[in-house]
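Below: one structure, written as structure tokens.
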Amino acid sequence: MEKVARVKAGEDLKKAIAEAVDSIGGFKRFINPGETVLLKPNFNTADPLPASSDPLFIKAVGELIYDCGAKIVMVGDSSTMSLNTRKTMQKLGIFGLEKTEQPLRVYVFEDRKWIKKEIPGAKYLKKASLTEFLDKADKLILLPCLKTHCYAQFTGALKLSVGFMKPSERIRLHLRNLQEKIAELNKLINPSLIIMDARKCFISKGPAAGEVREPGLILASIDRVAIDVEGIKIIQSFKGNSLAGVDPWEIPQIKRAEEFIY
């Protein structure tokens with residue numbers, strides 16, 4: 001299993017993010033000058049962290065990527081099926097990131113094409129239509145939050161990839177074997193880096209609302225399974241959590257991802 005860096009967030013968020021990534025080689029290990037980088041945060045709803053990504057966290061990551069000489073930093077997502085992504089982003093203030101000193105380009109996945117792709121060797125999810133932006137970026141960086149999930153037990157780096165999927169296809173995704181399908185979907189997703197905002201987390205319910213605790217951490221890894229397992233252990237460290245007594249490696253999305261995507 002790959003290393004997962006854990007850094008206390010402190011008052012300087014950008015510094016903490018840099019320290020976490022430095023622990024696994026630094027941003028220049030992942031980003032080359034002139035590249036286009038896609039950031040995938042969590043804009044599932046317009047609820048505050050840990051339900052959705054903090055714009056200041058995204059801004060800090062974007063600045064660190066530009067410092068490596070990246071040409072373009074894109075931010076994109078698609079909200080939960082029942083919500084309008086553009087309105088969700090507006091409520092969260094995400095479009096303000098386009099007006100900063102080092103502007104990020106913000107995209108609503110529904111505004112552009114979806115590309116249908118086969119998932120070789122899949123048992124539960126044979127194909128999926130994914131945003132064209134995955135093919136437009138040189139590098140992909142996932143920015144998950146840390147939280148429990150009322151249907152999938154846990155949502156972190158693996159579950160974040162559902163936001164790449166065409167909303168109308170997510171209905172069938174949730175009907176049965178949700179966790180295994182999440183894992184198989186990740187076969188089509190190839191992130192270079194994952195940075196998890198674990199300053200706050202839900203220890204029960206989720207994904208839009210739940211019981212909040214404050215681990216005060218930033219995690220970084222190149223391994224979606226490893227960072228999710230670490231996130232689950234953090235949630236389990238708090239009394240009253242809904243994952244108590246659960247072996248992280250036996251959670252279906254973790255188990256299927258470990259055997260299928262690597």
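By convention here, the chains of the structure tokens are called A, B, ... in the order presented, each chain's residues are numbered starting at 1, and ligands are numbered starting at 1 in the order presented.
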
Per residue of range 110-216 of chain A within 10 Å of range 71-80 of chain A, what are the shortest atom pair and its distance in Å to one decimal, counting only C-alpha atoms, with rows by chain and residue number, as a tab-separated table?
residue	atom	partner	partner_atom	distance
A:Glu110	CA	A:Ser78	CA	6.7
A:Asp111	CA	A:Ser78	CA	9.7
A:Thr131	CA	A:Asp77	CA	9.1
A:Phe133	CA	A:Gly76	CA	8.1
A:Leu134	CA	A:Gly76	CA	9.9
A:Lys136	CA	A:Met74	CA	9.9
A:Ala137	CA	A:Met74	CA	8.3
A:Asp138	CA	A:Ile72	CA	9.9
A:Lys139	CA	A:Val73	CA	9.7
A:Leu140	CA	A:Met74	CA	9.5
A:Ile141	CA	A:Val75	CA	9.8
A:Leu160	CA	A:Asp77	CA	9.6
A:Ser161	CA	A:Asp77	CA	9.6
A:Val162	CA	A:Ser78	CA	8.7
A:Gly163	CA	A:Ser78	CA	5.2
A:Phe164	CA	A:Asp77	CA	6.8
A:Met165	CA	A:Ser78	CA	8.0
A:Lys166	CA	A:Ser78	CA	8.2
A:Pro167	CA	A:Thr80	CA	7.5
A:Arg170	CA	A:Thr80	CA	9.0

Which residues are near range 241-253 of chain A? Cut-off 7 Å, only C-alpha atoms, ignore same chain within fewer than 5 positions. Put them as a PyMOL selection string.
chain A and resi 179-180+182-183+203-204+229+232+235-236

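With CA of Gln153 in chain A on one side and CA of Phe202 in chain A on the other, the separation reads 11.2 Å.
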
Leaving out Ala128 in chain A and any residue of its chain fewer than 6 positions from it, which residues lie within 7 Å of it when counting only C-alpha atoms, given as JSON, numbers by chain?
{"A": [116, 117, 118, 165]}

Which parts of range 80-209 of chain A does DSSP call strand (DSSP E or B) when run on the backbone here, written out as a count of residues only?
40

Could you tell me which of A:Arg105, A:Lys87, A:Lys187, A:Lys14 comes closest to Pro120 in chain A if we count only C-alpha atoms?
A:Lys187

Write out as number ranges by chain each polymer residue whose atoms come within 10 Å of Val4 in chain A, counting only C-alpha atoms; drop sequence neighbours fewer than 3 positions from it.
A: 1, 7, 20-21, 23-24, 194-195, 219-224, 226-231

Calculate how many Å separate CA of Asn84 in chain A from CA of Ser52 in chain A, rounding to one decimal.
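That distance, rounded to one decimal, is 14.6 Å.
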
So that I can check the secondary structure, give me every residue of range 113-208 of chain A assigned helix (DSSP H, G or I) by backbone DSSP, as JSON, numbers by chain.
{"A": [133, 134, 135, 136, 157, 158, 159, 160, 161, 162, 163, 164, 167, 168, 169, 170, 171, 172, 173, 178, 179, 180, 181, 182, 183, 184, 185, 186, 187, 188]}

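As for CA of His174 in chain A and CA of Cys150 in chain A, they are spaced 11.8 Å apart.
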
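For Met196 in chain A, the set of protein, DNA and RNA residues having any atom at most 8 Å away, when counting only C-alpha atoms and skipping those fewer than 5 positions along the same chain, is Leu142, Leu143, Pro144, Cys145, Leu146, Gly156, Ala157, Ile218, Leu219, Ala220 and Ile227 of chain A.
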
Looking at A:Cys68, A:Ser82, A:Ala60, A:Ala257, which one is nearest to Lys28 in chain A, with distances taken over only C-alpha atoms?
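The closest residue to Lys28 in chain A is A:Cys68.
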